[in-house]
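Pasting protein_19.pdb here (PDB, C-alpha atoms):
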ATOM      1  CA  MET A   1     -16.672  29.188   4.369
ATOM      2  CA  GLU A   2     -19.767  27.766   2.709
ATOM      3  CA  LYS A   3     -17.861  26.574  -0.364
ATOM      4  CA  TYR A   4     -15.423  24.657   1.863
ATOM      5  CA  VAL A   5     -18.262  22.917   3.657
ATOM      6  CA  ASP A   6     -19.975  22.132   0.355
ATOM      7  CA  ALA A   7     -16.739  20.757  -1.122
ATOM      8  CA  PHE A   8     -16.224  18.535   1.928
ATOM      9  CA  VAL A   9     -19.786  17.211   2.021
ATOM     10  CA  ASN A  10     -20.122  16.699  -1.741
ATOM     11  CA  SER A  11     -16.830  14.818  -1.955
ATOM     12  CA  PHE A  12     -17.738  12.581   0.993
ATOM     13  CA  LEU A  13     -21.199  11.784  -0.365
ATOM     14  CA  GLY A  14     -19.776  11.287  -3.843
ATOM     15  CA  SER A  15     -17.293   8.725  -2.535
ATOM     16  CA  VAL A  16     -20.046   6.869  -0.699
ATOM     17  CA  GLU A  17     -22.205   6.818  -3.823
ATOM     18  CA  TRP A  18     -19.357   5.670  -6.087
ATOM     19  CA  THR A  19     -18.408   2.839  -3.714
ATOM     20  CA  TRP A  20     -22.012   1.652  -3.531
ATOM     21  CA  LYS A  21     -22.364   1.788  -7.310
ATOM     22  CA  SER A  22     -19.162  -0.231  -7.570
ATOM     23  CA  ILE A  23     -20.591  -2.920  -5.327
ATOM     24  CA  ILE A  24     -23.773  -3.199  -7.427
ATOM     25  CA  PHE A  25     -21.870  -3.060 -10.762
ATOM     26  CA  GLU A  26     -23.081   0.376 -11.862
ATOM     27  CA  VAL A  27     -19.644   1.757 -12.761
ATOM     28  CA  PRO A  28     -17.366   0.814 -15.695
ATOM     29  CA  TRP A  29     -15.536  -2.430 -14.943
ATOM     30  CA  TYR A  30     -12.114  -0.806 -15.302
ATOM     31  CA  THR A  31     -12.889   1.677 -12.523
ATOM     32  CA  ASN A  32     -14.541  -0.905 -10.248
ATOM     33  CA  TYR A  33     -11.847  -1.244  -7.617
ATOM     34  CA  PHE A  34     -14.164  -2.983  -5.163
ATOM     35  CA  TRP A  35     -14.668  -6.052  -7.329
ATOM     36  CA  GLY A  36     -11.242  -5.675  -8.899
ATOM     37  CA  LEU A  37      -9.651  -5.993  -5.460
ATOM     38  CA  THR A  38     -11.945  -8.898  -4.611
ATOM     39  CA  VAL A  39     -11.167 -10.841  -7.799
ATOM     40  CA  ILE A  40      -7.399 -10.277  -7.510
ATOM     41  CA  SER A  41      -7.538 -11.389  -3.864
ATOM     42  CA  LEU A  42      -9.400 -14.599  -4.722
ATOM     43  CA  VAL A  43      -7.014 -15.434  -7.576
ATOM     44  CA  VAL A  44      -3.905 -14.944  -5.418
ATOM     45  CA  TRP A  45      -5.498 -16.863  -2.530
ATOM     46  CA  ILE A  46      -6.214 -19.790  -4.864
ATOM     47  CA  LEU A  47      -2.555 -19.690  -5.940
ATOM     48  CA  GLU A  48      -1.528 -19.768  -2.269
ATOM     49  CA  ILE A  49      -3.715 -22.809  -1.672
ATOM     50  CA  SER A  50      -2.527 -24.579  -4.832
ATOM     51  CA  PHE A  51       1.193 -23.797  -4.571
ATOM     52  CA  PRO A  52       2.000 -23.020  -0.912
ATOM     53  CA  TRP A  53       5.568 -21.993  -0.145
ATOM     54  CA  ARG A  54       5.266 -22.658   3.604
ATOM     55  CA  LYS A  55       3.285 -25.887   3.462
ATOM     56  CA  GLU A  56       2.685 -26.027   7.209
ATOM     57  CA  GLN A  57       0.843 -22.698   7.106
ATOM     58  CA  SER A  58      -2.926 -22.987   7.322
ATOM     59  CA  ILE A  59      -5.158 -21.806   4.480
ATOM     60  CA  PHE A  60      -6.832 -19.574   7.051
ATOM     61  CA  ARG A  61      -3.528 -18.433   8.503
ATOM     62  CA  ARG A  62      -3.099 -16.439  11.679
ATOM     63  CA  ASP A  63      -4.943 -13.086  11.423
ATOM     64  CA  PHE A  64      -6.466 -14.029   8.049
ATOM     65  CA  TRP A  65      -9.798 -12.360   8.823
ATOM     66  CA  LEU A  66      -8.198  -9.359  10.534
ATOM     67  CA  ASP A  67      -6.092  -8.710   7.435
ATOM     68  CA  GLY A  68      -9.154  -9.143   5.235
ATOM     69  CA  PHE A  69     -10.931  -6.447   7.222
ATOM     70  CA  TYR A  70      -7.897  -4.152   6.963
ATOM     71  CA  MET A  71      -7.922  -4.672   3.216
ATOM     72  CA  TYR A  72     -11.433  -3.321   2.701
ATOM     73  CA  PHE A  73     -11.202  -0.763   5.486
ATOM     74  CA  ASN A  74      -8.076   0.915   4.106
ATOM     75  CA  PHE A  75      -9.059   0.641   0.466
ATOM     76  CA  PHE A  76     -12.655   1.841   0.835
ATOM     77  CA  LEU A  77     -13.992   2.821   4.260
ATOM     78  CA  PHE A  78     -11.101   5.074   5.246
ATOM     79  CA  ALA A  79     -10.853   6.400   1.687
ATOM     80  CA  ILE A  80     -14.481   7.503   1.981
ATOM     81  CA  ALA A  81     -13.887   9.054   5.387
ATOM     82  CA  ILE A  82     -10.874  11.079   4.276
ATOM     83  CA  SER A  83     -12.088  12.076   0.797
ATOM     84  CA  GLY A  84     -13.781  15.244   2.033
ATOM     85  CA  PHE A  85     -10.610  16.514   3.698
ATOM     86  CA  TYR A  86      -8.558  16.077   0.526
ATOM     87  CA  LYS A  87     -11.176  17.923  -1.504
ATOM     88  CA  LEU A  88     -11.195  20.701   1.065
ATOM     89  CA  LEU A  89      -7.418  21.026   0.769
ATOM     90  CA  GLY A  90      -7.738  21.147  -3.010
ATOM     91  CA  VAL A  91     -10.122  24.093  -2.797
ATOM     92  CA  LEU A  92      -7.848  25.823  -0.290
ATOM     93  CA  PHE A  93      -4.782  25.404  -2.537
ATOM     94  CA  LYS A  94      -6.730  26.796  -5.476
ATOM     95  CA  ASP A  95      -7.702  29.851  -3.436
ATOM     96  CA  VAL A  96      -4.061  30.619  -2.608
ATOM     97  CA  GLY A  97      -2.971  30.205  -6.219
ATOM     98  CA  ILE A  98      -1.561  26.679  -6.201
ATOM     99  CA  SER A  99      -2.912  24.705  -9.149
ATOM    100  CA  SER A 100      -2.329  21.167 -10.365
ATOM    101  CA  LYS A 101       0.052  22.611 -12.980
ATOM    102  CA  SER A 102       2.148  24.648 -10.563
ATOM    103  CA  LEU A 103       4.836  22.018 -10.011
ATOM    104  CA  THR A 104       4.695  20.331 -13.403
ATOM    105  CA  ILE A 105       8.087  19.085 -14.555
ATOM    106  CA  ILE A 106       7.075  16.385 -17.042
ATOM    107  CA  ASP A 107       4.221  17.041 -19.465
ATOM    108  CA  LEU A 108       2.763  13.603 -20.143
ATOM    109  CA  SER A 109       0.004  14.811 -22.428
ATOM    110  CA  SER A 110       2.297  15.034 -25.444
ATOM    111  CA  ILE A 111       3.626  11.462 -25.361
ATOM    112  CA  PRO A 112       1.947   8.137 -26.298
ATOM    113  CA  VAL A 113      -0.398   6.527 -23.782
ATOM    114  CA  TRP A 114       1.965   3.620 -23.098
ATOM    115  CA  GLY A 115       4.696   6.148 -22.261
ATOM    116  CA  GLN A 116       2.371   8.063 -19.942
ATOM    117  CA  LEU A 117       1.498   4.883 -18.071
ATOM    118  CA  LEU A 118       5.107   3.742 -17.799
ATOM    119  CA  ILE A 119       6.380   7.079 -16.462
ATOM    120  CA  PHE A 120       3.369   7.364 -14.142
ATOM    121  CA  PHE A 121       4.042   3.859 -12.787
ATOM    122  CA  ILE A 122       7.784   4.404 -12.268
ATOM    123  CA  ILE A 123       7.574   7.799 -10.595
ATOM    124  CA  LEU A 124       4.710   6.872  -8.272
ATOM    125  CA  ASP A 125       6.503   3.671  -7.316
ATOM    126  CA  PHE A 126       9.638   5.638  -6.457
ATOM    127  CA  VAL A 127       7.567   8.047  -4.342
ATOM    128  CA  GLN A 128       6.146   5.055  -2.471
ATOM    129  CA  TRP A 129       9.594   3.470  -2.059
ATOM    130  CA  PHE A 130      10.981   6.723  -0.652
ATOM    131  CA  THR A 131       8.020   7.141   1.697
ATOM    132  CA  HIS A 132       8.426   3.530   2.829
ATOM    133  CA  VAL A 133      12.060   4.218   3.734
ATOM    134  CA  LEU A 134      10.928   7.179   5.838
ATOM    135  CA  LEU A 135       8.385   4.992   7.647
ATOM    136  CA  HIS A 136      11.247   2.797   8.849
ATOM    137  CA  LYS A 137      13.881   5.437   9.433
ATOM    138  CA  TYR A 138      12.029   7.850  11.700
ATOM    139  CA  PRO A 139      10.605   6.610  15.041
ATOM    140  CA  PHE A 140       7.526   8.843  14.817
ATOM    141  CA  LEU A 141       6.530   7.187  11.538
ATOM    142  CA  TRP A 142       7.750   3.703  12.455
ATOM    143  CA  LYS A 143       5.349   3.462  15.393
ATOM    144  CA  PHE A 144       2.456   3.591  12.892
ATOM    145  CA  HIS A 145       4.152   1.304  10.377
ATOM    146  CA  LYS A 146       4.503  -1.328  13.103
ATOM    147  CA  VAL A 147       0.918  -2.354  12.351
ATOM    148  CA  HIS A 148       2.027  -3.687   8.970
ATOM    149  CA  HIS A 149       5.041  -5.422  10.483
ATOM    150  CA  SER A 150       3.031  -7.075  13.251
ATOM    151  CA  VAL A 151       2.080  -9.786  10.710
ATOM    152  CA  LYS A 152       3.424 -13.127  11.983
ATOM    153  CA  GLU A 153       2.254 -15.354   9.110
ATOM    154  CA  MET A 154       2.444 -13.906   5.619
ATOM    155  CA  GLY A 155      -0.463 -14.034   3.192
ATOM    156  CA  PHE A 156      -1.903 -11.931   0.365
ATOM    157  CA  ALA A 157      -4.204  -9.815   2.567
ATOM    158  CA  ALA A 158      -1.252  -8.642   4.660
ATOM    159  CA  HIS A 159      -0.546  -6.339   1.715
ATOM    160  CA  LEU A 160      -3.178  -3.868   2.904
ATOM    161  CA  ARG A 161      -2.784  -4.341   6.639
ATOM    162  CA  TYR A 162      -1.504  -0.934   7.658
ATOM    163  CA  HIS A 163      -2.307   1.924  10.013
ATOM    164  CA  TRP A 164      -4.672   4.535   8.598
ATOM    165  CA  MET A 165      -2.040   7.199   9.308
ATOM    166  CA  GLU A 166      -0.025   5.786   6.421
ATOM    167  CA  ASN A 167      -2.750   7.008   4.074
ATOM    168  CA  ILE A 168      -2.267  10.485   5.509
ATOM    169  CA  ILE A 169       1.468  10.246   4.847
ATOM    170  CA  TYR A 170       1.377   8.590   1.422
ATOM    171  CA  LYS A 171      -1.449  10.557  -0.179
ATOM    172  CA  PRO A 172       0.149  14.043  -0.221
ATOM    173  CA  LEU A 173       3.397  12.634  -1.624
ATOM    174  CA  LYS A 174       1.510  10.667  -4.295
ATOM    175  CA  THR A 175      -0.440  13.824  -5.149
ATOM    176  CA  LEU A 176       2.848  15.699  -5.435
ATOM    177  CA  GLY A 177       4.065  13.013  -7.820
ATOM    178  CA  VAL A 178       0.958  13.447  -9.963
ATOM    179  CA  MET A 179       1.457  17.236  -9.999
ATOM    180  CA  VAL A 180       5.013  16.719 -11.236
ATOM    181  CA  LEU A 181       3.551  14.596 -14.039
ATOM    182  CA  GLY A 182       1.513  17.407 -15.544
ATOM    183  CA  GLY A 183      -1.117  17.548 -12.825
ATOM    184  CA  PHE A 184      -3.191  14.580 -13.993
ATOM    185  CA  GLU A 185      -3.372  10.797 -14.054
ATOM    186  CA  PRO A 186      -3.327   9.160 -17.498
ATOM    187  CA  GLU A 187      -6.805   8.155 -18.629
ATOM    188  CA  GLN A 188      -5.808   4.483 -18.488
ATOM    189  CA  ALA A 189      -4.216   4.806 -15.009
ATOM    190  CA  TYR A 190      -6.522   2.041 -13.789
ATOM    191  CA  ILE A 191      -4.105  -0.368 -15.509
ATOM    192  CA  VAL A 192      -1.275   0.834 -13.269
ATOM    193  CA  HIS A 193      -3.414   0.641 -10.126
ATOM    194  CA  PHE A 194      -4.621  -2.914 -10.821
ATOM    195  CA  ILE A 195      -1.072  -4.058 -11.622
ATOM    196  CA  ALA A 196       0.149  -2.504  -8.356
ATOM    197  CA  ILE A 197      -2.573  -4.307  -6.368
ATOM    198  CA  ALA A 198      -1.700  -7.639  -7.988
ATOM    199  CA  ILE A 199       2.047  -7.245  -7.399
ATOM    200  CA  GLY A 200       1.471  -6.163  -3.791
ATOM    201  CA  HIS A 201      -0.769  -9.168  -3.127
ATOM    202  CA  LEU A 202       1.779 -11.544  -4.668
ATOM    203  CA  ASN A 203       4.634 -10.004  -2.672
ATOM    204  CA  HIS A 204       2.843 -10.880   0.562
ATOM    205  CA  ALA A 205       1.439 -14.225  -0.600
ATOM    206  CA  ASN A 206       2.524 -17.661   0.584
ATOM    207  CA  ILE A 207       3.975 -18.387  -2.853
ATOM    208  CA  LYS A 208       7.612 -18.761  -3.870
ATOM    209  CA  ILE A 209       8.202 -16.510  -6.886
ATOM    210  CA  THR A 210      11.433 -14.731  -7.828
ATOM    211  CA  TRP A 211      10.767 -13.712 -11.472
ATOM    212  CA  GLY A 212      14.217 -15.016 -12.456
ATOM    213  CA  PRO A 213      16.391 -12.299 -14.072
ATOM    214  CA  LEU A 214      13.486  -9.857 -13.722
ATOM    215  CA  LYS A 215      13.969  -9.924  -9.939
ATOM    216  CA  TYR A 216      16.251  -6.905 -10.347
ATOM    217  CA  ILE A 217      13.276  -4.942 -11.663
ATOM    218  CA  PHE A 218      10.158  -6.358 -10.010
ATOM    219  CA  ASN A 219       9.595  -7.003  -6.332
ATOM    220  CA  ASN A 220       8.738 -10.575  -5.367
ATOM    221  CA  PRO A 221       7.573 -12.690  -2.384
ATOM    222  CA  VAL A 222      11.053 -14.026  -1.565
ATOM    223  CA  MET A 223      12.566 -10.561  -1.480
ATOM    224  CA  HIS A 224       9.679  -8.978   0.385
ATOM    225  CA  LEU A 225       9.573 -11.681   3.048
ATOM    226  CA  TYR A 226      12.952 -10.436   4.252
ATOM    227  CA  HIS A 227      11.508  -6.962   4.539
ATOM    228  CA  HIS A 228       9.297  -8.439   7.272
ATOM    229  CA  ALA A 229      12.118 -10.385   8.955
ATOM    230  CA  TYR A 230      12.298 -10.212  12.753
ATOM    231  CA  VAL A 231      16.097 -10.123  12.603
ATOM    232  CA  LEU A 232      17.579  -7.471  10.311
ATOM    233  CA  PRO A 233      21.194  -6.932   9.261
ATOM    234  CA  LYS A 234      23.186  -5.245  12.024
ATOM    235  CA  GLY A 235      22.928  -1.475  11.923
ATOM    236  CA  SER A 236      19.979  -1.521   9.528
ATOM    237  CA  TYR A 237      16.524  -0.028  10.084
ATOM    238  CA  GLY A 238      15.119  -2.084   7.227
ATOM    239  CA  VAL A 239      15.787  -3.814   3.904
ATOM    240  CA  ASN A 240      13.935  -4.463   0.630
ATOM    241  CA  PHE A 241      11.672  -1.408   0.754
ATOM    242  CA  GLY A 242      10.386  -1.913  -2.794
ATOM    243  CA  ILE A 243       6.652  -1.711  -3.463
ATOM    244  CA  SER A 244       6.129  -2.905  -7.039
ATOM    245  CA  LEU A 245       9.695  -2.434  -8.254
ATOM    246  CA  SER A 246      12.809  -3.883  -6.638
ATOM    247  CA  LEU A 247      15.228  -1.818  -8.707
ATOM    248  CA  TRP A 248      15.283   1.050  -6.170
ATOM    249  CA  ASP A 249      16.663  -1.323  -3.537
ATOM    250  CA  TYR A 250      19.368  -2.526  -5.893
ATOM    251  CA  ILE A 251      20.213   1.049  -6.916
ATOM    252  CA  PHE A 252      20.388   2.358  -3.340
ATOM    253  CA  LYS A 253      21.933  -0.819  -1.873
ATOM    254  CA  THR A 254      19.046  -1.704   0.458
ATOM    255  CA  ASN A 255      18.547  -5.167  -1.084
ATOM    256  CA  TYR A 256      19.047  -8.220   1.145
ATOM    257  CA  ILE A 257      18.162 -11.848   0.365
ATOM    258  CA  PRO A 258      20.492 -14.225   2.273
ATOM    259  CA  GLU A 259      18.416 -17.373   1.538
ATOM    260  CA  ASP A 260      15.008 -18.445   0.236
ATOM    261  CA  SER A 261      13.615 -21.108   2.574
ATOM    262  CA  GLY A 262      10.674 -18.904   3.581
ATOM    263  CA  THR A 263      10.898 -20.129   7.166
ATOM    264  CA  ILE A 264      12.265 -17.019   8.861
ATOM    265  CA  LYS A 265      10.645 -15.435  11.895
ATOM    266  CA  LEU A 266       8.531 -12.388  11.085
ATOM    267  CA  GLY A 267       7.741  -9.288  13.089
ATOM    268  CA  PHE A 268       9.883  -6.939  15.159
ATOM    269  CA  PRO A 269      11.493  -6.990  18.634
ATOM    270  CA  GLY A 270       8.813  -6.401  21.243
ATOM    271  CA  ASP A 271       5.907  -7.427  19.008
ATOM    272  CA  GLU A 272       4.700  -9.843  21.674
ATOM    273  CA  LYS A 273       3.374  -6.754  23.482
ATOM    274  CA  PHE A 274       1.796  -5.296  20.358
ATOM    275  CA  PRO A 275      -2.050  -5.143  20.322
ATOM    276  CA  GLN A 276      -3.790  -8.035  18.558
ATOM    277  CA  ASP A 277      -7.076  -6.365  17.599
ATOM    278  CA  PHE A 278      -7.929  -3.738  14.993
ATOM    279  CA  PHE A 279      -9.042  -0.987  17.384
ATOM    280  CA  HIS A 280      -6.014  -1.058  19.687
ATOM    281  CA  GLN A 281      -3.604  -1.434  16.782
ATOM    282  CA  ASN A 282      -5.001   1.766  15.306
ATOM    283  CA  ILE A 283      -4.729   3.822  18.468
ATOM    284  CA  TYR A 284      -1.263   2.431  19.114
ATOM    285  CA  GLY A 285       1.419   4.993  18.487
ATOM    286  CA  PHE A 286      -0.507   8.012  19.689
ATOM    287  CA  GLY A 287       0.445   7.383  23.322
ATOM    288  CA  LYS A 288       3.721   8.695  24.699
ATOM    289  CA  LYS A 289       4.831   5.243  25.846
ATOM    290  CA  ASN A 290       4.823   4.096  22.224
ATOM    291  CA  GLN A 291       7.370   6.606  20.994
ATOM    292  CA  ASP A 292      10.212   4.053  20.638
TER     293      ASP A 292
END

Turn this file's structure into structure tokens for me.
Amino acid sequence: MEKYVDAFVNSFLGSVEWTWKSIIFEVPWYTNYFWGLTVISLVVWILEISFPWRKEQSIFRRDFWLDGFYMYFNFFLFAIAISGFYKLLGVLFKDVGISSKSLTIIDLSSIPVWGQLLIFFIILDFVQWFTHVLLHKYPFLWKFHKVHHSVKEMGFAAHLRYHWMENIIYKPLKTLGVMVLGGFEPEQAYIVHFIAIAIGHLNHANIKITWGPLKYIFNNPVMHLYHHAYVLPKGSYGVNFGISLSLWDYIFKTNYIPEDSGTIKLGFPGDEKFPQDFFHQNIYGFGKKNQD
């Protein structure tokens, strides 16, 4: 029992220390996600201000500060809080004979670094796309995902506005993806993570970008806006589920872009009754009356 407690405590304290060192620039720049996130956010925000798609939308749009808090909470505070539990599970799996190599299908160590990063990026993005579909398809998961879809004016910080339960759902599946890829992340995986943050911010930004012919590969703000549409195609539980890549939606026929004015209503039916503050949004879904 003692080793489980030690693993939990050491991982938690280690996460706290690493985050603090990131803030005061005592970690390598390429692993400094605190300032990396901050710089990417400022750059995309400046682009929003300089080239607004919805010109009537305020620079400090509705829920701007709430989304900003979500961004740092989900990326750092909750990550610190949950780190000990993931470490504890890792020790438990090791004790029952499940190692990081147990489910390995693709051995990335024998291929060039660029190949490792590309495969890592594609497989993890597919795992996220698949998980995103589940969040919409099943009512139990959708009630948590409603937090993300309660955004009424789109902006870069809406990217990381989501219920903390989504971390619980995504993390094991991402870990499974890493195990399939030889049980490790490529040494230069920070490149993939920073690219994913930038694409996610742009997809939610008040900027009109389609990427031209590359729209069939990369997600974009025009496509993703329709993912947040209040009115969905009849009989659909969602469209445009892509995270960084749009190609999964085109492959599985969940793509939908009827026009590109950017003026559609966002949200979901009944969102006028949805909580407006961080605390109540994050306890929403646990009550029986929220099971729809």

Once the PyMOL selection byres ((chain A and resi 146) around 9) has been applied to the shown file, what residues remain in the selection, as a ChimeraX atom specification?
/A:136,141-145,147-150,162-163,267-268,271,274,281,285

Residues selected by the PyMOL selection byres ((chain A and resi 191) around 12), written as an MDAnalysis selection string
chainID A and resid 29:33 36 113:114 116:118 120:121 185:190 192:198

Please measure the separation of CA of Ser58 in chain A and CA of Asn206 in chain A, giving the value in Å to one decimal.
10.2 Å

Excluding Ile264 in chain A and its own-chain neighbours fewer than 5 positions away, which residues fall within 12 Å of it when counting all atoms listed in the file? Please give them as a VMD selection string.
chain A and resid 54 152 to 154 222 224 to 232 257 to 259

File dump, residues just selected, C-alpha atoms, as a tab-separated table (two decimals), keeping the file's coordinate frame:
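Done, and the output landed in result-v1.tsv:
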chain	number	residue	atom	x	y	z
A	54	ARG	CA	5.27	-22.66	3.60
A	152	LYS	CA	3.42	-13.13	11.98
A	153	GLU	CA	2.25	-15.35	9.11
A	154	MET	CA	2.44	-13.91	5.62
A	222	VAL	CA	11.05	-14.03	-1.56
A	224	HIS	CA	9.68	-8.98	0.38
A	225	LEU	CA	9.57	-11.68	3.05
A	226	TYR	CA	12.95	-10.44	4.25
A	227	HIS	CA	11.51	-6.96	4.54
A	228	HIS	CA	9.30	-8.44	7.27
A	229	ALA	CA	12.12	-10.38	8.96
A	230	TYR	CA	12.30	-10.21	12.75
A	231	VAL	CA	16.10	-10.12	12.60
A	232	LEU	CA	17.58	-7.47	10.31
A	257	ILE	CA	18.16	-11.85	0.36
A	258	PRO	CA	20.49	-14.22	2.27
A	259	GLU	CA	18.42	-17.37	1.54

Using all atoms listed in the file, the shortest atom-to-atom distance to Trp65 in chain A among A:Lys265, A:His280, A:Arg161, A:Lys234 belongs to A:Arg161

Give as a list in words each residue that has an atom at most 9 Å from (-8.6, -0.3, 8.0) in the file, counting only C-alpha atoms.
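Applying the cut-off with only C-alpha atoms, one gets Asp67, Phe69, Tyr70, Met71, Tyr72, Phe73, Asn74, Phe75, Phe76, Leu77, Phe78, Leu160, Arg161, Tyr162, His163, Trp164, Phe278 and Asn282 of chain A.
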
Write the selection just made, keeping C-alpha atoms, as a short mmCIF file (atom, residue, chain, number, x, y, z; two decimals), in the coordinates of the input?
data_model
loop_
_atom_site.label_atom_id
_atom_site.label_comp_id
_atom_site.auth_asym_id
_atom_site.auth_seq_id
_atom_site.Cartn_x
_atom_site.Cartn_y
_atom_site.Cartn_z
CA ASP A 67 -6.09 -8.71 7.44
CA PHE A 69 -10.93 -6.45 7.22
CA TYR A 70 -7.90 -4.15 6.96
CA MET A 71 -7.92 -4.67 3.22
CA TYR A 72 -11.43 -3.32 2.70
CA PHE A 73 -11.20 -0.76 5.49
CA ASN A 74 -8.08 0.92 4.11
CA PHE A 75 -9.06 0.64 0.47
CA PHE A 76 -12.66 1.84 0.84
CA LEU A 77 -13.99 2.82 4.26
CA PHE A 78 -11.10 5.07 5.25
CA LEU A 160 -3.18 -3.87 2.90
CA ARG A 161 -2.78 -4.34 6.64
CA TYR A 162 -1.50 -0.93 7.66
CA HIS A 163 -2.31 1.92 10.01
CA TRP A 164 -4.67 4.54 8.60
CA PHE A 278 -7.93 -3.74 14.99
CA ASN A 282 -5.00 1.77 15.31
#

Tell me which of A:Ile169, A:Val44, A:Ser22, A:Pro269 sits closest to Asn203 in chain A, counting only C-alpha atoms.
A:Val44

Given the file above and the PyMOL selection byres ((chain A and resi 157) around 6), which residues are selected, and can you give them as number ranges by chain?
A: 67-68, 155-156, 158-159

Mind writing the picked residues with C-alpha atoms as a PDB file, keeping the file's coordinate frame?
ATOM      1  CA  ASP A  67      -6.092  -8.710   7.435  1.00  0.00           C
ATOM      2  CA  GLY A  68      -9.154  -9.143   5.235  1.00  0.00           C
ATOM      3  CA  GLY A 155      -0.463 -14.034   3.192  1.00  0.00           C
ATOM      4  CA  PHE A 156      -1.903 -11.931   0.365  1.00  0.00           C
ATOM      5  CA  ALA A 158      -1.252  -8.642   4.660  1.00  0.00           C
ATOM      6  CA  HIS A 159      -0.546  -6.339   1.715  1.00  0.00           C
TER       7      HIS A 159
END
